[in-house]
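This is target.txt (compact mmCIF, C-alpha atoms).
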# COMPACT_ATOMS: atom_id res chain seq x y z
CA MET M 274 -73.14 60.86 98.83
CA MET M 275 -72.66 58.74 95.72
CA ALA M 276 -69.60 56.50 95.88
CA GLY M 277 -66.95 57.13 93.14
CA PRO M 278 -64.73 54.55 91.46
CA GLU M 279 -62.14 55.08 94.14
CA ASN M 280 -64.63 53.93 96.68
CA GLY M 281 -65.13 50.51 95.08
CA ALA M 282 -67.68 51.32 92.37
CA SER M 283 -67.68 49.05 89.27
CA PRO M 284 -65.50 50.27 86.33
CA LYS M 285 -67.25 51.68 83.37
CA PRO M 286 -67.87 48.96 80.73
CA PRO M 287 -66.15 49.51 77.38
CA ASN M 288 -68.34 50.92 74.73
CA ASP M 289 -68.88 49.46 71.26
CA SER M 290 -66.24 51.75 69.77
CA ASP M 291 -63.52 50.42 72.10
CA LEU M 292 -64.45 46.80 71.33
CA HIS M 293 -64.35 47.51 67.61
CA VAL M 294 -60.86 49.04 67.83
CA ARG M 295 -59.53 46.15 69.88
CA LEU M 296 -61.11 43.59 67.56
CA ARG M 297 -59.62 45.27 64.49
CA ALA M 298 -56.20 45.30 66.16
CA GLU M 299 -56.46 41.61 67.05
CA LEU M 300 -57.61 40.67 63.55
CA GLY M 301 -54.78 42.70 62.08
CA ARG M 302 -52.29 40.88 64.30
CA MET M 303 -53.77 37.51 63.31
CA ASP M 304 -53.70 38.48 59.64
CA GLU M 305 -50.05 39.45 59.92
CA GLN M 306 -49.24 36.17 61.64
CA MET M 307 -51.11 34.26 58.94
CA ARG M 308 -49.24 36.06 56.17
CA GLY M 309 -45.98 35.30 57.93
CA LEU M 310 -46.96 31.65 58.26
CA LEU M 311 -47.91 31.44 54.59
CA GLU M 312 -44.65 33.09 53.59
CA ALA M 313 -42.72 30.63 55.76
CA MET M 314 -44.62 27.72 54.19
CA ASP M 315 -43.91 29.06 50.70
CA ARG M 316 -40.25 29.46 51.54
CA LEU M 317 -40.10 25.95 53.01
CA GLN M 318 -41.80 24.53 49.92
CA GLY M 319 -39.37 26.47 47.76
CA LEU M 320 -36.48 25.02 49.76
CA LEU M 321 -37.83 21.47 49.36
CA ASP M 322 -38.32 21.99 45.63
CA ALA M 323 -34.79 23.39 45.41
CA VAL M 324 -33.28 20.39 47.17
CA VAL M 325 -35.12 18.01 44.83
CA ALA M 326 -33.95 19.97 41.77
CA ILE M 327 -30.33 19.95 42.91
CA THR M 328 -30.30 16.23 43.66
CA ARG M 329 -31.63 15.43 40.17
CA GLU M 330 -28.42 16.65 38.56
CA ASN M 331 -25.70 14.05 37.95
CA GLU M 332 -22.93 16.25 36.56
CA LEU M 333 -20.86 18.31 39.00
CA PRO M 334 -20.83 21.57 36.94
CA SER M 335 -24.63 21.38 36.65
CA VAL M 336 -25.00 20.77 40.39
CA LEU M 337 -22.80 23.74 41.29
CA TYR M 338 -24.60 26.12 38.94
CA ARG M 339 -27.98 24.88 40.14
CA ILE M 340 -26.97 25.57 43.75
CA VAL M 341 -26.20 29.19 42.88
CA THR M 342 -29.38 29.87 40.89
CA THR M 343 -31.55 28.10 43.45
CA ALA M 344 -30.13 30.19 46.31
CA MET M 345 -30.77 33.34 44.27
CA ASP M 346 -34.39 32.34 43.71
CA LEU M 347 -34.99 31.50 47.37
CA VAL M 348 -33.94 34.94 48.67
CA GLY M 349 -34.65 37.06 45.59
CA ALA M 350 -31.00 37.95 44.96
CA ARG M 351 -29.86 39.53 41.71
CA TYR M 352 -26.33 38.09 41.83
CA GLY M 353 -24.97 34.81 43.07
CA ALA M 354 -21.72 32.87 43.03
CA LEU M 355 -20.15 29.71 44.41
CA GLY M 356 -16.43 29.70 45.09
CA VAL M 357 -14.82 26.26 45.23
CA LEU M 358 -11.76 26.01 47.49
CA ALA M 359 -8.42 24.80 46.18
CA PRO M 360 -6.92 21.72 47.89
CA SER M 361 -4.78 24.06 50.00
CA GLY M 362 -7.99 25.48 51.50
CA ASP M 363 -6.77 29.09 51.49
CA GLU M 364 -7.91 30.29 48.06
CA LEU M 365 -10.52 29.65 45.38
CA GLU M 366 -9.80 27.45 42.38
CA GLN M 367 -13.20 27.80 40.74
CA PHE M 368 -15.85 30.52 40.72
CA ILE M 369 -19.33 29.83 39.35
CA THR M 370 -21.43 32.95 38.81
CA ALA M 371 -25.04 33.69 37.89
CA GLY M 372 -27.09 36.83 37.37
CA LEU M 373 -24.58 38.86 35.35
CA THR M 374 -25.94 40.34 32.13
CA GLU M 375 -24.06 39.96 28.86
CA GLN M 376 -22.91 43.58 29.15
CA GLU M 377 -21.66 43.01 32.69
CA ARG M 378 -19.79 39.89 31.63
CA ALA M 379 -18.28 41.76 28.70
CA ALA M 380 -17.10 44.52 31.05
CA LEU M 381 -15.27 41.91 33.13
CA ALA M 382 -13.70 40.17 30.13
CA GLY M 383 -10.00 39.63 30.67
CA ILE M 384 -10.26 39.88 34.46
CA GLY M 385 -9.58 36.63 36.23
CA PHE M 386 -12.08 35.20 38.68
CA PRO M 387 -11.66 36.08 42.38
CA ARG M 388 -9.10 33.99 44.21
CA GLY M 389 -10.46 34.68 47.67
CA ARG M 390 -9.15 38.05 48.82
CA GLY M 391 -11.04 40.75 50.71
CA VAL M 392 -14.48 39.86 52.05
CA LEU M 393 -14.45 36.58 50.13
CA GLY M 394 -11.22 35.66 51.87
CA HIS M 395 -12.73 36.57 55.23
CA LEU M 396 -15.45 33.95 54.70
CA ILE M 397 -12.84 31.39 53.66
CA HIS M 398 -10.90 31.83 56.89
CA HIS M 399 -13.97 32.44 59.08
CA PRO M 400 -16.65 30.10 57.71
CA GLU M 401 -19.50 31.41 59.85
CA PRO M 402 -22.47 32.93 57.95
CA LEU M 403 -21.75 36.52 56.94
CA ARG M 404 -24.51 39.06 56.35
CA LEU M 405 -23.52 42.61 55.36
CA GLU M 406 -25.54 45.72 54.57
CA SER M 407 -22.40 47.34 53.12
CA ILE M 408 -19.61 45.29 51.58
CA ALA M 409 -17.43 48.39 51.35
CA GLY M 410 -17.83 49.01 55.07
CA HIS M 411 -16.38 45.65 56.10
CA PRO M 412 -12.80 45.84 57.44
CA SER M 413 -11.62 43.16 54.98
CA SER M 414 -13.08 44.87 51.90
CA VAL M 415 -10.56 45.64 49.14
CA GLY M 416 -13.04 46.96 46.58
CA PHE M 417 -14.04 45.58 43.18
CA PRO M 418 -12.09 45.43 39.91
CA PRO M 419 -12.85 47.93 37.12
CA GLY M 420 -16.09 47.18 35.30
CA HIS M 421 -17.55 45.16 38.16
CA PRO M 422 -21.28 45.84 38.76
CA HIS M 423 -22.22 47.63 41.95
CA MET M 424 -22.82 45.27 44.86
CA GLY M 425 -23.64 46.71 48.26
CA THR M 426 -25.14 43.89 50.29
CA LEU M 427 -23.82 40.38 50.84
CA LEU M 428 -24.96 37.09 52.29
CA GLY M 429 -22.23 34.47 52.49
CA VAL M 430 -22.55 30.88 53.70
CA ALA M 431 -19.98 28.09 53.70
CA VAL M 432 -20.77 24.78 51.96
CA SER M 433 -19.35 21.69 53.68
CA VAL M 434 -18.93 18.19 52.25
CA ARG M 435 -18.34 15.37 54.71
CA GLY M 436 -17.35 17.83 57.43
CA GLU M 437 -14.83 19.75 55.33
CA ILE M 438 -15.34 23.18 53.76
CA TYR M 439 -15.88 22.66 50.04
CA GLY M 440 -16.53 26.28 49.11
CA ASP M 441 -18.61 29.36 49.84
CA LEU M 442 -21.95 30.51 48.53
CA TYR M 443 -22.22 34.27 47.94
CA LEU M 444 -25.40 36.27 47.27
CA SER M 445 -25.69 40.00 46.64
CA GLU M 446 -28.38 42.63 46.08
CA ARG M 447 -31.92 41.61 46.90
CA ARG M 448 -34.21 42.63 44.06
CA ASP M 449 -36.53 44.52 46.43
CA GLY M 450 -33.63 46.74 47.52
CA GLN M 451 -33.69 45.51 51.13
CA PRO M 452 -30.69 44.03 52.92
CA PHE M 453 -30.65 40.30 53.55
CA ASP M 454 -32.38 39.35 56.79
CA VAL M 455 -32.17 36.53 59.28
CA ASP M 456 -34.80 34.50 57.39
CA ASP M 457 -32.69 34.72 54.23
CA GLU M 458 -29.70 33.55 56.20
CA SER M 459 -31.61 30.59 57.66
CA VAL M 460 -32.92 29.35 54.33
CA VAL M 461 -29.51 29.66 52.63
CA ILE M 462 -27.84 27.78 55.49
CA ALA M 463 -30.40 25.00 55.03
CA LEU M 464 -29.78 24.99 51.27
CA ALA M 465 -26.01 24.85 51.83
CA GLY M 466 -26.48 21.70 53.92
CA ALA M 467 -28.45 20.03 51.13
CA ALA M 468 -25.92 21.30 48.60
CA GLY M 469 -23.09 19.57 50.45
CA ILE M 470 -24.96 16.27 50.28
CA ALA M 471 -25.71 16.76 46.57
CA ILE M 472 -22.05 17.53 45.81
CA GLU M 473 -20.90 14.43 47.68
CA ASN M 474 -23.48 12.28 45.89
CA VAL M 475 -22.46 13.48 42.45
CA ARG M 476 -18.78 12.98 43.26
CA LEU M 477 -19.52 9.40 44.33
CA PHE M 478 -21.62 9.03 41.18
CA GLU M 479 -18.72 10.20 39.04
CA ARG M 480 -16.38 7.72 40.70
CA VAL M 481 -18.84 4.92 40.03
CA ARG M 482 -19.19 6.08 36.43
CA GLU M 483 -15.46 6.26 35.90
CA GLY M 484 -14.99 2.80 37.37
CA ALA M 485 -17.81 1.29 35.32
CA GLU M 486 -16.59 2.94 32.13
CA GLN M 487 -13.00 1.83 32.73
CA PHE M 488 -14.15 -1.73 33.43
CA GLN M 489 -16.27 -1.70 30.28
CA ARG M 490 -13.40 -0.45 28.13
CA LEU M 491 -11.04 -3.07 29.56
CA LEU M 492 -13.42 -5.74 28.30
CA LEU M 493 -13.33 -4.33 24.77
CA PRO M 494 -10.42 -5.18 22.48
CA THR M 495 -7.88 -2.91 20.88
CA LEU M 496 -8.34 -3.42 17.18
CA PRO M 497 -5.42 -5.36 15.67
CA ASP M 498 -3.56 -4.60 12.46
CA LEU M 499 -6.10 -5.51 9.76
CA ARG M 500 -4.11 -4.65 6.66
CA PRO M 501 -4.95 -4.32 3.83
CA PHE M 502 -8.04 -2.88 5.52
CA THR M 503 -8.25 0.05 7.88
CA ALA M 504 -10.60 -0.04 10.84
CA ALA M 505 -11.69 2.15 13.75
CA ALA M 506 -14.09 1.67 16.61
CA VAL M 507 -15.56 3.76 19.40
CA TYR M 508 -17.51 2.89 22.53
CA GLN M 509 -19.59 5.49 24.35
CA PRO M 510 -21.27 4.80 27.70
CA ALA M 511 -24.87 5.65 28.44
CA ALA M 512 -25.88 9.09 29.69
CA GLU M 513 -26.93 7.41 32.93
CA PRO M 514 -23.47 6.26 33.84
CA SER M 515 -23.96 4.14 36.95
CA LYS M 516 -24.78 1.12 34.81
CA LEU M 517 -22.52 -1.24 32.94
CA GLY M 518 -23.38 -1.96 29.35
CA GLY M 519 -23.43 -5.06 27.22
CA ASP M 520 -22.29 -3.57 23.90
CA TRP M 521 -19.17 -5.01 22.31
CA TYR M 522 -17.27 -5.25 19.04
CA ASP M 523 -14.36 -7.23 17.66
CA ALA M 524 -12.36 -7.62 14.47
CA ILE M 525 -10.16 -10.65 13.76
CA PRO M 526 -7.74 -11.04 10.84
CA LEU M 527 -7.92 -14.47 9.17
CA PRO M 528 -5.66 -16.05 6.58
CA GLY M 529 -5.93 -14.90 2.95
CA ASP M 530 -6.70 -11.19 3.52
CA VAL M 531 -9.95 -12.13 5.24
CA VAL M 532 -11.30 -10.18 8.21
CA ALA M 533 -14.12 -11.22 10.51
CA VAL M 534 -16.08 -8.44 12.19
CA VAL M 535 -18.62 -8.80 14.98
CA ILE M 536 -20.73 -6.34 16.91
CA GLY M 537 -23.31 -7.16 19.55
CA ASP M 538 -25.43 -6.12 22.48
CA VAL M 539 -26.27 -8.22 25.52
CA VAL M 540 -29.64 -7.43 27.10
CA GLY M 541 -29.22 -5.72 30.48
CA HIS M 542 -27.13 -3.03 32.16
CA ASP M 543 -25.31 -4.71 35.00
CA LEU M 544 -22.30 -6.80 35.86
CA ARG M 545 -24.00 -9.92 34.51
CA ALA M 546 -24.48 -8.28 31.11
CA ALA M 547 -20.83 -7.21 31.00
CA ALA M 548 -19.66 -10.71 31.96
CA ALA M 549 -21.97 -12.28 29.35
CA MET M 550 -20.58 -9.91 26.74
CA ALA M 551 -17.02 -10.99 27.55
CA SER M 552 -17.80 -14.71 27.49
CA THR M 553 -19.76 -14.44 24.23
CA ARG M 554 -16.99 -12.50 22.52
CA ASN M 555 -14.33 -14.97 23.62
CA MET M 556 -16.34 -18.01 22.49
CA LEU M 557 -17.00 -16.42 19.15
CA ARG M 558 -13.30 -15.66 18.68
CA ALA M 559 -12.50 -19.34 19.10
CA LEU M 560 -15.21 -20.42 16.63
CA LEU M 561 -14.11 -17.90 13.99
CA PHE M 562 -10.83 -19.66 13.32
CA ASP M 563 -12.74 -22.44 11.61
CA ARG M 564 -12.38 -20.63 8.29
CA GLY M 565 -14.61 -22.96 6.33
CA ASN M 566 -17.89 -22.02 8.04
CA ALA M 567 -20.18 -19.25 6.86
CA PRO M 568 -21.25 -16.59 9.40
CA GLY M 569 -24.68 -18.18 9.85
CA ALA M 570 -23.18 -21.55 10.75
CA VAL M 571 -20.77 -19.90 13.23
CA LEU M 572 -23.63 -18.07 14.95
CA SER M 573 -25.62 -21.32 15.16
CA ARG M 574 -22.72 -23.08 16.84
CA LEU M 575 -22.23 -20.13 19.16
CA ASP M 576 -25.93 -20.16 20.09
CA ARG M 577 -25.88 -23.88 20.87
CA THR M 578 -22.69 -23.53 22.92
CA LEU M 579 -24.04 -20.62 24.96
CA GLN M 580 -27.28 -22.50 25.56
CA ALA M 581 -25.41 -25.57 26.78
CA ILE M 582 -22.83 -24.08 29.13
CA THR M 583 -24.05 -20.61 30.19
CA ASP M 584 -27.15 -18.82 31.41
CA ASN M 585 -26.32 -15.68 29.47
CA PRO M 586 -29.13 -13.23 28.71
CA ILE M 587 -30.50 -12.73 25.22
CA THR M 588 -27.97 -11.18 22.86
CA THR M 589 -28.25 -9.51 19.47
CA THR M 590 -25.26 -9.60 17.16
CA THR M 591 -24.05 -9.35 13.59
CA LEU M 592 -21.17 -11.49 12.37
CA ALA M 593 -19.59 -10.55 9.05
CA ARG M 594 -16.55 -11.52 7.03
CA ILE M 595 -15.01 -9.62 4.17
CA GLU M 596 -12.73 -11.33 1.67
CA PRO M 597 -11.22 -10.80 -1.79
CA ASP M 598 -13.62 -11.16 -4.72
CA GLY M 599 -12.15 -10.38 -8.13
CA PRO M 600 -11.05 -6.74 -8.35
CA GLY M 601 -13.02 -5.90 -5.21
CA TRP M 602 -14.31 -7.56 -2.10
CA ARG M 603 -17.29 -9.54 -0.89
CA LEU M 604 -19.09 -9.04 2.40
CA SER M 605 -20.89 -12.05 3.90
CA TRP M 606 -22.89 -11.76 7.08
CA SER M 607 -25.52 -13.24 9.33
CA THR M 608 -27.55 -11.36 11.88
CA ALA M 609 -29.06 -12.44 15.18
CA GLY M 610 -31.76 -9.84 15.73
CA HIS M 611 -29.34 -6.95 15.30
CA VAL M 612 -29.78 -3.59 13.55
CA PRO M 613 -28.62 -3.47 9.90
CA HIS M 614 -25.19 -2.14 8.97
CA LEU M 615 -24.31 0.59 6.46
CA LEU M 616 -22.34 0.44 3.22
CA ILE M 617 -20.80 3.64 1.86
CA ALA M 618 -19.35 3.24 -1.62
CA PRO M 619 -17.01 6.02 -2.84
CA GLY M 620 -18.96 8.97 -4.20
CA ARG M 621 -22.30 7.45 -3.26
CA ARG M 622 -24.85 7.91 -0.52
CA ALA M 623 -24.74 5.54 2.44
CA GLU M 624 -27.22 2.66 2.25
CA TYR M 625 -28.43 0.06 4.71
CA LEU M 626 -27.88 -3.60 3.97
CA PHE M 627 -31.31 -4.80 5.06
CA ALA M 628 -31.72 -8.57 5.24
CA GLU M 629 -33.51 -11.27 7.21
CA PRO M 630 -32.37 -10.48 10.80
CA GLY M 631 -32.79 -13.92 12.35
CA LEU M 632 -33.51 -14.54 16.03
CA PRO M 633 -31.32 -13.17 18.83
CA LEU M 634 -28.95 -15.57 20.53
CA GLY M 635 -30.56 -17.39 23.42
CA VAL M 636 -34.08 -17.61 21.94
CA ASP M 637 -34.16 -20.82 19.86
CA PRO M 638 -30.81 -22.39 18.88
CA ALA M 639 -32.59 -24.86 16.59
CA GLN M 640 -33.72 -22.16 14.18
CA PRO M 641 -31.55 -21.80 11.04
CA ARG M 642 -29.36 -18.72 10.59
CA PRO M 643 -29.71 -17.16 7.13
CA ASP M 644 -26.57 -15.91 5.35
CA HIS M 645 -26.37 -12.86 3.11
CA SER M 646 -23.69 -11.36 0.90
CA CYS M 647 -23.01 -8.43 -1.39
CA PRO M 648 -20.03 -7.03 -3.34
CA VAL M 649 -18.03 -4.20 -1.77
CA PRO M 650 -16.04 -1.92 -4.08
CA PRO M 651 -12.51 -0.68 -3.31
CA GLY M 652 -12.38 2.34 -1.02
CA ALA M 653 -15.79 1.57 0.51
CA THR M 654 -16.69 1.77 4.20
CA VAL M 655 -18.87 -0.70 6.08
CA VAL M 656 -20.31 0.63 9.36
CA PHE M 657 -21.49 -1.68 12.14
CA PHE M 658 -23.22 -0.24 15.22
CA THR M 659 -25.45 -1.09 18.18
CA ASP M 660 -28.99 0.15 18.69
CA GLY M 661 -27.90 2.67 21.35
CA LEU M 662 -26.75 4.84 18.45
CA VAL M 663 -30.26 5.21 17.02
CA GLU M 664 -32.86 4.48 19.70
CA HIS M 665 -34.91 7.48 20.82
CA PRO M 666 -38.20 7.10 22.72
CA ASP M 667 -39.71 10.18 21.09
CA GLN M 668 -39.24 9.22 17.45
CA PRO M 669 -39.69 6.10 15.32
CA ILE M 670 -36.64 3.96 14.61
CA ASP M 671 -36.98 4.52 10.86
CA ARG M 672 -36.46 8.25 11.33
CA SER M 673 -33.37 7.67 13.49
CA LEU M 674 -31.94 5.25 10.94
CA ALA M 675 -32.49 7.83 8.20
CA GLU M 676 -30.72 10.49 10.27
CA LEU M 677 -27.78 8.18 10.88
CA ARG M 678 -27.56 7.36 7.16
CA ASP M 679 -27.40 11.08 6.37
CA LEU M 680 -24.71 11.61 9.02
CA ALA M 681 -22.64 8.74 7.66
CA THR M 682 -22.88 10.19 4.16
CA GLU M 683 -21.91 13.65 5.39
CA TYR M 684 -18.82 12.46 7.29
CA SER M 685 -17.75 9.65 4.96
CA ALA M 686 -14.70 11.54 3.65
CA LEU M 687 -13.17 11.88 7.12
CA PRO M 688 -10.31 9.66 8.28
CA LEU M 689 -11.82 6.57 9.83
CA GLU M 690 -11.03 7.48 13.47
CA ASP M 691 -12.66 10.88 13.01
CA PHE M 692 -15.56 9.31 11.15
CA VAL M 693 -16.62 6.92 13.94
CA GLN M 694 -16.17 9.65 16.55
CA ALA M 695 -18.38 12.00 14.53
CA LEU M 696 -21.14 9.38 14.46
CA ALA M 697 -20.82 8.87 18.23
CA ASP M 698 -20.88 12.63 18.85
CA HIS M 699 -23.83 13.48 16.60
CA HIS M 700 -25.95 10.34 16.91
CA PRO M 701 -29.76 10.65 16.67
CA SER M 702 -30.49 8.71 19.89
CA ASP M 703 -31.28 10.20 23.30
CA GLY M 704 -28.16 8.66 24.86
CA HIS M 705 -30.06 6.47 27.34
CA ASP M 706 -28.14 3.38 26.23
CA ASP M 707 -24.47 2.69 25.64
CA MET M 708 -23.35 2.52 22.03
CA ALA M 709 -20.59 1.02 19.93
CA VAL M 710 -19.52 1.76 16.36
CA LEU M 711 -17.02 -0.18 14.24
CA ALA M 712 -16.13 0.88 10.70
CA LEU M 713 -14.05 -1.10 8.21
CA ARG M 714 -12.68 0.49 5.02
CA THR M 715 -11.51 -1.53 2.03
CA PRO M 716 -8.24 -0.52 0.35
CA PRO M 717 -8.53 1.81 -2.66
CA ALA M 718 -8.37 0.40 -6.16

Can you give me the file's structure in the form of structure tokens?
Amino acid sequence: MMAGPENGASPKPPNDSDLHVRLRAELGRMDEQMRGLLEAMDRLQGLLDAVVAITRENELPSVLYRIVTTAMDLVGARYGALGVLAPSGDELEQFITAGLTEQERAALAGIGFPRGRGVLGHLIHHPEPLRLESIAGHPSSVGFPPGHPHMGTLLGVAVSVRGEIYGDLYLSERRDGQPFDVDDESVVIALAGAAGIAIENVRLFERVREGAEQFQRLLLPTLPDLRPFTAAAVYQPAAEPSKLGGDWYDAIPLPGDVVAVVIGDVVGHDLRAAAAMASTRNMLRALLFDRGNAPGAVLSRLDRTLQAITDNPITTTTLARIEPDGPGWRLSWSTAGHVPHLLIAPGRRAEYLFAEPGLPLGVDPAQPRPDHSCPVPPGATVVFFTDGLVEHPDQPIDRSLAELRDLATEYSALPLEDFVQALADHHPSDGHDDMAVLALRTPPA
């Protein structure tokens, strides 16, 4: 008798059809794994890009909004929000939203932002990640206010800063209609960790900025009583606020209705530049009380003094004096490499007082300092400023100067405080440098 399989015969080898089916199944499994790997790599790259984008912001409102929109992009959510906890830690004091249409925002007009009740409150008091397929089905749900868009799903993650809960990140409604999954939760948790670091960095950045700006303003004078003239000045720090600036201004009343005005800019953006600015201004104040010297001679003496007893960086400045001259006034000035100032006569267009600029302080003290002068009618305004008001890397300086001249003409009728603030607010520069503006107005006829 022939032996059967049960008697130890060899099993029947698989045929080509069986091998083909198994191979297709294995390839399908490998293809699925590869797609999953590529999706994970894309999501990781998206997370890295998101972290970089968040850390580039240096204003807290921008950072918070960027966190919300970035989280929405990473998981494909239609709606997103970040609730910032009040100091008490039991309610929200700020609520940043994204994803609402104009119609949806209009429908919610007049309704205050959530304070942290219902499901939002649950996440405040239980800061573990929360993933819901039905918000309404959660025991803490209290519903939505009238006009609120429908939101069924929720992914909530706490954001911590230095080990303390700063707020909660909320996402709702995946655009593909699916509930949030464990991968969504993982990537948002990772983003929340980076967000906490970004928030702490920008808060430290703001403290540095506030300290630097306060220090800078303490170095600048409060303008004295300059009657019969009126004067106003404004200082505005650079858009990149971690640096100190070297811009300064001053106005000093002298005997006989004479006023000396100076504005300058020390090269550099650090503590050394700020210290050099202070020492230069103080030396110049002392030299100005020698009333018999013209501005050019005063700048020459200042340059020689600085060269002899300091190692200050190069400085540009304009020194001017305005004094009675018949029925009007006369402006005399000398410039050390500084931008020209503006004259605005009543009823006329602003014009630049272009003249030989001379060398900046600290270049060659032996070079002579040319003096210039022109009459100034009653009721006129002379505007001194630093180059931070007009410098823009994407346009020539002549264009920026023309824009500033037009602005000065447009705002010339404003009270002097409002006038200098308008120039600082609407300047043609890109804001990369600090800026100072000082305007002096002669008494009316």

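Once only C-alpha atoms are considered, the residues situated within 10 Å of the file point (-37.2, -13.2, 11.6) turn out to be M:Thr608, M:Ala609, M:Gly610, M:Ala628, M:Glu629, M:Pro630, M:Gly631, M:Leu632, M:Pro633, M:Gln640, M:Arg642, M:Pro643.
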
If we count all atoms listed in the file, what is near Gly391 (chain M) at a cut-off of 8 Å, once residues fewer than 6 positions away on the same chain are taken out, given as a VMD selection string?
chain M and resid 413 to 416

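Of note, CA of Tyr352 (chain M) and CA of Leu464 (chain M) are spaced 16.5 Å apart.
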
re CA of Leu662 (chain M) and CA of Val710 (chain M): distance 8.1 Å

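Put simply, CA of Ala465 (chain M) is 20.5 Å away from CA of Pro387 (chain M).
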
Report the centre and edge lengths, in Å to one decimal, of an axis-aligned box enclosing every atom of region 497-506 of chain M listed in the file, padded by 4 Å on each side, as lines of an AutoDock Vina configuration file.
center_x = -8.8
center_y = -1.7
center_z = 10.2
size_x = 18.5
size_y = 15.7
size_z = 20.8

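Nearest residue to Glu458 (chain M) among M:Glu690, M:Glu401, M:Asp498, M:Asp520 is M:Glu401, counting only C-alpha atoms.
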
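Minimum atom-to-atom distance to Val535 (chain M), evaluated using all atoms listed in the file, belongs to M:Pro568 out of M:Gly425, M:Pro568, M:Gly362, M:Pro419.
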
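Closest approach to Ala681 (chain M) among M:Pro641, M:Pro701, M:Pro526, M:Pro412 is made by M:Pro701 (distances from only C-alpha atoms).
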
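For the residues M:Val475, M:Leu427, M:Leu347, M:Leu560, ranking by smallest atom-to-atom distance to Ser459 (chain M) using all atoms listed in the file places M:Leu347 first.
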
Dump as a PyMOL selection string all residues having an atom at most 9 Å from (-33.6, 37.1, 46.0), computed in the file's coordinates with all atoms listed in the file.
chain M and resi 344-352+444-449+453+457

Hey, can you spit out that residue selection with C-alpha atoms as a tab-separated table (two decimals), in the frame of the given file?
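New file again-v6.tsv:
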chain	number	residue	atom	x	y	z
M	344	ALA	CA	-30.13	30.19	46.31
M	345	MET	CA	-30.77	33.34	44.27
M	346	ASP	CA	-34.39	32.34	43.71
M	347	LEU	CA	-34.99	31.50	47.37
M	348	VAL	CA	-33.94	34.94	48.67
M	349	GLY	CA	-34.65	37.06	45.59
M	350	ALA	CA	-31.00	37.95	44.96
M	351	ARG	CA	-29.86	39.53	41.71
M	352	TYR	CA	-26.33	38.09	41.83
M	444	LEU	CA	-25.40	36.27	47.27
M	445	SER	CA	-25.69	40.00	46.64
M	446	GLU	CA	-28.38	42.63	46.08
M	447	ARG	CA	-31.92	41.61	46.90
M	448	ARG	CA	-34.21	42.63	44.06
M	449	ASP	CA	-36.53	44.52	46.43
M	453	PHE	CA	-30.65	40.30	53.55
M	457	ASP	CA	-32.69	34.72	54.23

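Proximity ranking of M:Pro528, M:Gly410, M:Gly353, M:Pro650 relative to Arg621 (chain M) places M:Pro650 first, based on only C-alpha atoms.
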
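Compared by their closest atoms to Thr659 (chain M), and using only C-alpha atoms, the residues M:Leu626, M:Thr591, M:Pro638, M:Thr715 rank with M:Thr591 nearest.
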
Any idea what's packed within 9 Å of His705 (chain M), counting all atoms listed in the file, ignoring anything in its chain fewer than 2 positions away? Could you give it as a PyMOL selection string?
chain M and resi 510-513+661+664-665+702-703+707
